[in-house]
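*Asks:* First the structure, which I've put down as structure tokens, then a few questions once you've had a look.
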Amino acid sequence: MNSADLSLALDGVSDSFPCKYENMIELEVYARGLRKEQHILELTNQMAMLPKVRYKIDQHHDLVYFEIDDPRDVSLRQLNDLFTHIGLIPRFVGHLPDNLRRGDETTRLTE
């Protein structure tokens, strides 16, 4: 099968299955000092609290790439707290998606 045939085959497959992660968002965070082994281990331990968030650490550039399938599962405040808890200051790179919860919203309790 050549690449043109494979492309046509994949086009047909993608049309027949709905995308499960149409609201998925990607975030990039710079945290100076992340490349230290201690900080990488601590961040890995912190990420256990957010099992639905995938991440990849670029230790050469002090960056973390996040993939979040459902933005309702995590808030910006939770991601910020991951870094501040281990003594790092996160800097979110680029535009923050509008559908990512900020984490500072409050809801009124009803009687």
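Identifiers in the structure tokens: chain A, B, ... in order shown; residue index from 1 per chain; ligand index from 1 in order shown.
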Skip range 77-87 of chain A itself and residues of its chain fewer than 5 positions away, then list as a PyMOL selection string all residues within 12 Å of it, counting only C-alpha atoms.
*Replies:* chain A and resi 27-34+36+38-50+53+55+62-68+71-72+92+100-105
*Asks:* For the helix (DSSP H, G or I) assignment from backbone DSSP, which residues of range 19-85 of chain A qualify? Please present them as a PyMOL selection string.
*Replies:* chain A and resi 37-47+71-73+76-84
*Asks:* Residues within 8 Å of Asp69 in chain A, please, as a list in words. Count only C-alpha atoms; anything in the same chain fewer than 3 positions from it doesn't count.
*Replies:*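 Residues meeting the cut-off are Tyr21, Asn23, Met24, Ile25, Lys52 and Val53 of chain A.
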*Asks:* Would you output that residue set with C-alpha atoms, as a PDB file, in the first residue's frame?
*Replies:*
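Contents of again.pdb, as written:
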ATOM      1  CA  TYR A  21     -11.458  14.799  22.524  1.00  0.00           C
ATOM      2  CA  ASN A  23     -12.404  20.036  23.556  1.00  0.00           C
ATOM      3  CA  MET A  24      -8.813  18.958  24.286  1.00  0.00           C
ATOM      4  CA  ILE A  25      -6.461  21.790  25.133  1.00  0.00           C
ATOM      5  CA  LYS A  52      -6.434  12.916  33.677  1.00  0.00           C
ATOM      6  CA  VAL A  53      -3.712  15.329  32.578  1.00  0.00           C
TER       7      VAL A  53
END
*Asks:* Which residue, A:Glu37, A:Val93, A:Ile57, A:Pro51, has the smallest gap to Val74 in chain A when you use only C-alpha atoms?
*Replies:*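 Counting only C-alpha atoms, the residue closest to Val74 in chain A is A:Pro51.
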*Asks:* Quick check, in Å to one decimal: how far apart do CA of His61 in chain A and CA of Pro97 in chain A lie?
*Replies:* 22.7 Å
